[in-house]
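Quick look at model.cif (mmCIF, C-alpha atoms):
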data_data
loop_
_atom_site.group_PDB
_atom_site.id
_atom_site.type_symbol
_atom_site.label_atom_id
_atom_site.label_comp_id
_atom_site.auth_asym_id
_atom_site.auth_seq_id
_atom_site.Cartn_x
_atom_site.Cartn_y
_atom_site.Cartn_z
ATOM 1 C CA GLY A 128 30.635 -1.566 26.697
ATOM 2 C CA GLY A 129 27.626 -2.098 28.792
ATOM 3 C CA ASN A 130 24.639 -4.299 29.208
ATOM 4 C CA VAL A 131 21.519 -4.325 27.096
ATOM 5 C CA ILE A 132 18.326 -4.811 29.076
ATOM 6 C CA TYR A 133 15.139 -5.521 27.136
ATOM 7 C CA HIS A 134 11.775 -4.600 28.510
ATOM 8 C CA GLY A 135 9.310 -7.432 28.352
ATOM 9 C CA ALA A 136 5.625 -8.136 28.497
ATOM 10 C CA ASP A 137 3.252 -10.667 30.003
ATOM 11 C CA PRO A 138 -0.167 -11.841 28.854
ATOM 12 C CA ALA A 139 -3.011 -10.091 30.703
ATOM 13 C CA ILE A 140 -4.870 -13.403 30.976
ATOM 14 C CA SER A 141 -3.513 -15.678 33.705
ATOM 15 C CA GLN A 142 -4.521 -18.866 31.858
ATOM 16 C CA PRO A 143 -3.852 -18.871 28.108
ATOM 17 C CA ILE A 144 -6.876 -19.637 25.960
ATOM 18 C CA SER A 145 -6.900 -21.784 22.853
ATOM 19 C CA LYS A 146 -6.454 -20.270 19.417
ATOM 20 C CA ALA A 147 -9.937 -21.493 18.472
ATOM 21 C CA GLU A 148 -11.572 -19.844 21.497
ATOM 22 C CA ALA A 149 -9.642 -16.599 20.958
ATOM 23 C CA ARG A 150 -10.681 -16.489 17.309
ATOM 24 C CA ALA A 151 -14.311 -17.168 18.204
ATOM 25 C CA ARG A 152 -14.298 -14.179 20.581
ATOM 26 C CA PHE A 153 -13.328 -11.874 17.697
ATOM 27 C CA SER A 154 -15.401 -13.745 15.053
ATOM 28 C CA LEU A 155 -12.211 -14.563 13.123
ATOM 29 C CA PRO A 156 -11.794 -17.456 10.679
ATOM 30 C CA GLN A 157 -10.649 -20.746 12.180
ATOM 31 C CA ASP A 158 -9.236 -22.112 8.912
ATOM 32 C CA LYS A 159 -6.610 -19.486 8.029
ATOM 33 C CA MET A 160 -3.281 -18.337 9.377
ATOM 34 C CA ILE A 161 -3.691 -14.865 10.882
ATOM 35 C CA ALA A 162 -1.192 -12.020 10.498
ATOM 36 C CA VAL A 163 -2.155 -9.262 12.910
ATOM 37 C CA ALA A 164 -1.276 -5.563 12.822
ATOM 38 C CA ILE A 165 -2.054 -3.666 16.016
ATOM 39 C CA GLY A 166 -1.365 -0.124 17.141
ATOM 40 C CA PHE A 167 -1.435 3.432 15.936
ATOM 41 C CA SER A 168 -2.408 3.556 12.258
ATOM 42 C CA THR A 169 0.317 5.935 11.161
ATOM 43 C CA ALA A 170 2.875 5.913 8.357
ATOM 44 C CA THR A 171 5.724 5.819 10.908
ATOM 45 C CA LYS A 172 4.338 2.498 12.126
ATOM 46 C CA GLY A 173 4.091 1.351 8.499
ATOM 47 C CA TRP A 174 0.333 1.266 8.116
ATOM 48 C CA ASP A 175 0.653 2.983 4.750
ATOM 49 C CA ILE A 176 1.637 -0.361 3.117
ATOM 50 C CA LEU A 177 -0.653 -2.798 4.938
ATOM 51 C CA SER A 178 -3.554 -2.521 2.497
ATOM 52 C CA LYS A 179 -1.156 -3.206 -0.395
ATOM 53 C CA ILE A 180 0.155 -6.531 0.923
ATOM 54 C CA GLU A 181 -1.221 -9.430 -1.124
ATOM 55 C CA MET A 182 -1.620 -12.049 1.555
ATOM 56 C CA PRO A 183 -0.374 -15.532 0.630
ATOM 57 C CA ASN A 184 -2.915 -18.333 0.193
ATOM 58 C CA GLY A 185 -4.197 -19.573 3.520
ATOM 59 C CA TRP A 186 -3.439 -16.266 5.273
ATOM 60 C CA ILE A 187 -5.584 -13.321 6.317
ATOM 61 C CA MET A 188 -4.540 -9.933 7.725
ATOM 62 C CA VAL A 189 -6.354 -8.732 10.843
ATOM 63 C CA LEU A 190 -6.060 -5.040 11.678
ATOM 64 C CA ASN A 191 -6.950 -3.124 14.785
ATOM 65 C CA SER A 192 -5.798 0.422 15.171
ATOM 66 C CA SER A 193 -6.049 3.314 17.528
ATOM 67 C CA LYS A 194 -5.839 6.886 16.342
ATOM 68 C CA GLY A 195 -2.466 8.447 17.141
ATOM 69 C CA HIS A 196 -3.453 11.465 19.223
ATOM 70 C CA PHE A 197 0.120 12.441 20.049
ATOM 71 C CA ASN A 198 1.338 13.536 16.634
ATOM 72 C CA ARG A 199 0.157 15.222 13.470
ATOM 73 C CA GLU A 200 0.879 12.228 11.257
ATOM 74 C CA GLN A 201 -1.824 11.007 8.924
ATOM 75 C CA ASN A 202 -3.851 8.145 10.362
ATOM 76 C CA PHE A 203 -4.758 5.392 7.915
ATOM 77 C CA SER A 204 -8.193 3.801 8.011
ATOM 78 C CA TYR A 205 -8.905 0.729 5.945
ATOM 79 C CA GLY A 206 -12.498 0.082 6.917
ATOM 80 C CA VAL A 207 -13.955 1.700 3.791
ATOM 81 C CA GLN A 208 -11.788 -0.093 1.260
ATOM 82 C CA ASP A 209 -13.490 -2.764 -0.829
ATOM 83 C CA ARG A 210 -10.733 -5.327 -0.416
ATOM 84 C CA ILE A 211 -10.927 -5.188 3.374
ATOM 85 C CA ARG A 212 -14.339 -6.012 4.742
ATOM 86 C CA LYS A 213 -15.218 -5.462 8.376
ATOM 87 C CA LYS A 214 -16.081 -8.675 10.201
ATOM 88 C CA SER A 215 -16.040 -10.808 7.074
ATOM 89 C CA THR A 216 -16.038 -14.554 7.606
ATOM 90 C CA ASN A 217 -14.433 -17.259 5.466
ATOM 91 C CA ASP A 218 -14.794 -15.481 2.127
ATOM 92 C CA ASP A 219 -11.741 -16.491 0.057
ATOM 93 C CA ALA A 220 -11.708 -13.104 -1.690
ATOM 94 C CA THR A 221 -11.218 -11.356 1.649
ATOM 95 C CA LYS A 222 -7.549 -10.997 2.488
ATOM 96 C CA ALA A 223 -7.968 -8.726 5.516
ATOM 97 C CA ILE A 224 -10.371 -7.898 8.318
ATOM 98 C CA ASP A 225 -10.384 -4.487 9.998
ATOM 99 C CA LEU A 226 -11.778 -5.041 13.487
ATOM 100 C CA GLN A 227 -12.310 -1.284 13.964
ATOM 101 C CA ARG A 228 -12.338 -1.705 17.741
ATOM 102 C CA GLY A 229 -9.977 1.172 18.566
ATOM 103 C CA PHE A 230 -8.116 0.920 21.856
ATOM 104 C CA LEU A 231 -8.232 -2.606 23.292
ATOM 105 C CA THR A 232 -8.184 -3.477 26.972
ATOM 106 C CA ASP A 233 -5.216 -5.552 28.136
ATOM 107 C CA GLU A 234 -7.421 -8.652 28.199
ATOM 108 C CA GLU A 235 -8.783 -8.019 24.689
ATOM 109 C CA LEU A 236 -5.250 -7.489 23.397
ATOM 110 C CA SER A 237 -4.140 -10.804 24.925
ATOM 111 C CA ILE A 238 -7.073 -12.591 23.305
ATOM 112 C CA LEU A 239 -6.222 -11.074 19.915
ATOM 113 C CA PHE A 240 -2.595 -12.194 20.230
ATOM 114 C CA TYR A 241 -3.731 -15.723 21.184
ATOM 115 C CA ALA A 242 -5.880 -15.703 18.017
ATOM 116 C CA SER A 243 -2.893 -14.763 15.828
ATOM 117 C CA ASP A 244 -0.057 -16.634 14.144
ATOM 118 C CA VAL A 245 2.268 -13.706 13.378
ATOM 119 C CA VAL A 246 2.453 -9.997 14.166
ATOM 120 C CA VAL A 247 3.245 -7.628 11.288
ATOM 121 C CA LEU A 248 5.486 -4.638 12.067
ATOM 122 C CA PRO A 249 6.225 -2.647 8.884
ATOM 123 C CA TYR A 250 7.780 0.273 10.797
ATOM 124 C CA LYS A 251 9.599 3.068 8.974
ATOM 125 C CA ILE A 252 11.579 4.000 12.082
ATOM 126 C CA THR A 253 11.926 2.400 15.473
ATOM 127 C CA SER A 254 13.841 2.522 18.702
ATOM 128 C CA GLY A 255 11.826 -0.360 20.128
ATOM 129 C CA SER A 256 8.462 -2.046 19.815
ATOM 130 C CA GLY A 257 6.103 -2.774 22.669
ATOM 131 C CA VAL A 258 3.834 -4.577 20.188
ATOM 132 C CA MET A 259 6.664 -6.987 19.315
ATOM 133 C CA PHE A 260 7.346 -7.685 22.992
ATOM 134 C CA ASP A 261 3.632 -8.249 23.640
ATOM 135 C CA ALA A 262 3.476 -10.650 20.682
ATOM 136 C CA LEU A 263 6.515 -12.596 21.890
ATOM 137 C CA ALA A 264 4.951 -12.883 25.364
ATOM 138 C CA HIS A 265 2.025 -14.640 23.672
ATOM 139 C CA LYS A 266 4.374 -16.929 21.686
ATOM 140 C CA VAL A 267 3.688 -15.080 18.417
ATOM 141 C CA PRO A 268 6.631 -14.556 16.003
ATOM 142 C CA PHE A 269 6.967 -11.405 13.887
ATOM 143 C CA VAL A 270 7.503 -10.169 10.352
ATOM 144 C CA ALA A 271 9.061 -6.713 10.551
ATOM 145 C CA SER A 272 10.905 -4.082 8.554
ATOM 146 C CA ASP A 273 14.611 -4.711 8.132
ATOM 147 C CA LEU A 274 15.577 -2.172 10.778
ATOM 148 C CA ASP A 275 18.495 -2.904 13.124
ATOM 149 C CA PHE A 276 16.233 -3.299 16.167
ATOM 150 C CA PHE A 277 14.204 -6.087 14.530
ATOM 151 C CA LYS A 278 17.260 -7.727 12.913
ATOM 152 C CA GLU A 279 18.669 -8.315 16.388
ATOM 153 C CA PHE A 280 15.628 -10.436 17.273
ATOM 154 C CA GLU A 281 15.600 -12.099 13.849
ATOM 155 C CA GLU A 282 19.155 -13.312 14.542
ATOM 156 C CA ILE A 283 17.876 -15.354 17.486
ATOM 157 C CA GLY A 284 15.046 -16.855 15.440
ATOM 158 C CA LEU A 285 12.047 -14.931 16.766
ATOM 159 C CA GLY A 286 10.840 -13.649 13.410
ATOM 160 C CA ILE A 287 11.739 -12.479 9.920
ATOM 161 C CA THR A 288 12.694 -9.047 8.640
ATOM 162 C CA ALA A 289 11.921 -7.813 5.130
ATOM 163 C CA LYS A 290 12.381 -4.760 2.967
ATOM 164 C CA ARG A 291 9.575 -2.324 3.776
ATOM 165 C CA ASP A 292 7.427 -2.915 0.715
ATOM 166 C CA PRO A 293 4.255 -4.967 0.185
ATOM 167 C CA VAL A 294 5.865 -7.676 -1.976
ATOM 168 C CA SER A 295 8.728 -8.315 0.455
ATOM 169 C CA PHE A 296 6.314 -8.485 3.385
ATOM 170 C CA ALA A 297 4.068 -10.953 1.544
ATOM 171 C CA LYS A 298 7.095 -13.155 0.781
ATOM 172 C CA ALA A 299 8.260 -13.007 4.405
ATOM 173 C CA ILE A 300 4.795 -13.965 5.684
ATOM 174 C CA ASP A 301 4.749 -16.877 3.216
ATOM 175 C CA THR A 302 8.240 -17.998 4.302
ATOM 176 C CA LEU A 303 7.301 -17.806 7.960
ATOM 177 C CA GLY A 304 4.178 -19.866 7.257
ATOM 178 C CA LYS A 305 6.171 -22.569 5.481
ATOM 179 C CA THR A 306 8.636 -22.799 8.387
ATOM 180 C CA TYR A 307 6.187 -21.884 11.146
ATOM 181 C CA ASP A 308 7.171 -24.638 13.584
ATOM 182 C CA LYS A 309 10.779 -23.385 13.614
ATOM 183 C CA TYR A 310 9.718 -19.845 14.581
ATOM 184 C CA SER A 311 6.935 -20.917 16.920
ATOM 185 C CA THR A 312 9.351 -23.166 18.823
ATOM 186 C CA ALA A 313 12.013 -20.443 19.032
ATOM 187 C CA VAL A 314 9.551 -17.920 20.428
#

The structure given in the file should be rewritten as structure tokens.
Amino acid sequence: GGNVIYHGADPAISQPISKAEARARFSLPQDKMIAVAIGFSTATKGWDILSKIEMPNGWIMVLNSSKGHFNREQNFSYGVQDRIRKKSTNDDATKAIDLQRGFLTDEELSILFYASDVVVLPYKITSGSGVMFDALAHKVPFVASDLDFFKEFEEIGLGITAKRDPVSFAKAIDTLGKTYDKYSTAV
């Protein structure tokens, strides 16, 4: 036996800003639900499947990655792919936007979370996730791989876990969108 103590996070901005203002700061669409993926663009973090997720209608994926300098894992860059256009606007054919901003300041990260509706965490392995805790601090639920760590938070209604494949993630994002108020309230 023993106690489990979770580390937490706080927004870097003392006064939360509106979703509309946050989206305007990053030139993101106002009329879509935003699934955000943030962090090191490595296979361990699941970035190898992000470009394969067919986003449900009304949703767009927003990516911002930093190169993982601490390992020899392949980094994935989506900026050159046709189906992901940098800084695209409300084009219905665009299902993802790669911000290509690299490392974000704490304030920029807070603004991006305030602009988002869900954080996507398709990890292959995990012992924890600072990105998930940051998202929760900004009242953003998650869609994550069905790893034990994430299942524990799913059980208390803070997000949804899915098999780590593009189709399962798309279905989970769609489900979360259809029941968004339930997850938003729980977070």

task = Would you write out, as a PyMOL selection string, every residue that the PyMOL selection byres ((chain A and resi 158) around 12) captures in this file?
result = chain A and resi 146-147+150-151+155-157+159-161+184-187+216-219+242-244

task = Compare A:Ala264, A:Ala164, A:Ala223, A:Met182 by their minimum atom-to-atom distance to Val294 in chain A, counting only C-alpha atoms, and give me the closest one.
result =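 Result for the nearest residue to Val294 in chain A: A:Met182.
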
inquiry  = Using only C-alpha atoms for the distances, tell me which of A:Lys222, A:Lys266, A:Lys298, A:Lys172 is nearest to Ser311 in chain A.
reply    =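 That would be A:Lys266, the residue with the smallest distance to Ser311 in chain A.
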
key: Picked residues, the PyMOL selection byres ((chain A and resi 225-238) around 6), expected as a list in words   =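 On the file shown, the PyMOL selection byres ((chain A and resi 225-238) around 6) covers Pro138, Ala139, Ala149, Val189, Leu190, Asn191, Ser192, Ser193, Gly206, Lys213, Ile224, Leu239, Phe240 and Tyr241 of chain A.
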
inquiry  = Show me, as a ChimeraX atom specification, the residues that have an atom within 12 Å of Phe296 in chain A when counting all atoms listed in the file, minus same-chain residues fewer than 2 positions from it.
reply    = /A:162,173,176-183,188,245-250,269-273,287-294,298-303

Same residues, C-alpha atoms, saved as a tab-separated table (two decimals), keeping the file's coordinate frame:
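What follows is the written file out.tsv:
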chain	number	residue	atom	x	y	z
A	162	ALA	CA	-1.19	-12.02	10.50
A	173	GLY	CA	4.09	1.35	8.50
A	176	ILE	CA	1.64	-0.36	3.12
A	177	LEU	CA	-0.65	-2.80	4.94
A	178	SER	CA	-3.55	-2.52	2.50
A	179	LYS	CA	-1.16	-3.21	-0.40
A	180	ILE	CA	0.16	-6.53	0.92
A	181	GLU	CA	-1.22	-9.43	-1.12
A	182	MET	CA	-1.62	-12.05	1.56
A	183	PRO	CA	-0.37	-15.53	0.63
A	188	MET	CA	-4.54	-9.93	7.72
A	245	VAL	CA	2.27	-13.71	13.38
A	246	VAL	CA	2.45	-10.00	14.17
A	247	VAL	CA	3.24	-7.63	11.29
A	248	LEU	CA	5.49	-4.64	12.07
A	249	PRO	CA	6.22	-2.65	8.88
A	250	TYR	CA	7.78	0.27	10.80
A	269	PHE	CA	6.97	-11.40	13.89
A	270	VAL	CA	7.50	-10.17	10.35
A	271	ALA	CA	9.06	-6.71	10.55
A	272	SER	CA	10.90	-4.08	8.55
A	273	ASP	CA	14.61	-4.71	8.13
A	287	ILE	CA	11.74	-12.48	9.92
A	288	THR	CA	12.69	-9.05	8.64
A	289	ALA	CA	11.92	-7.81	5.13
A	290	LYS	CA	12.38	-4.76	2.97
A	291	ARG	CA	9.57	-2.32	3.78
A	292	ASP	CA	7.43	-2.92	0.72
A	293	PRO	CA	4.26	-4.97	0.18
A	294	VAL	CA	5.86	-7.68	-1.98
A	298	LYS	CA	7.10	-13.16	0.78
A	299	ALA	CA	8.26	-13.01	4.40
A	300	ILE	CA	4.80	-13.96	5.68
A	301	ASP	CA	4.75	-16.88	3.22
A	302	THR	CA	8.24	-18.00	4.30
A	303	LEU	CA	7.30	-17.81	7.96

Atom pair CA of Gly286 in chain A / CA of Pro268 in chain A: separation (Å) = 5.0 Å

key: Gap from CA of Lys305 in chain A to CA of Val267 in chain A - Å, one decimal   =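 Taking CA of Lys305 in chain A as the start and CA of Val267 in chain A as the end point, the length is 15.2 Å.
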
task = Measuring atom to atom with all atoms listed in the file, identify which of A:Ile252, A:Ala262, A:Val314, A:Ser295 is nearest to Phe276 in chain A.
result =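 Closest residue, counting all atoms listed in the file: A:Ile252.
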
Distance in Å - CA of Glu282 in chain A versus CA of Ala313 in chain A = 11.0 Å

task = Rank A:Met259, A:His265, A:Ala297, A:Trp174 by their smallest atom-to-atom distance to Pro143 in chain A, using only C-alpha atoms, and report the top residue only.
result =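 With only C-alpha atoms as the atom set, the closest residue is A:His265.
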
Please report, as AutoDock Vina command-line options, the centre and edge lengths in Å to one decimal of an axis-aligned box covering all listed atoms of range 237-250 of chain A with 3 Å per side.
--center_x 0.4 --center_y -8.2 --center_z 16.9 --size_x 20.9 --size_y 22.9 --size_z 22.0
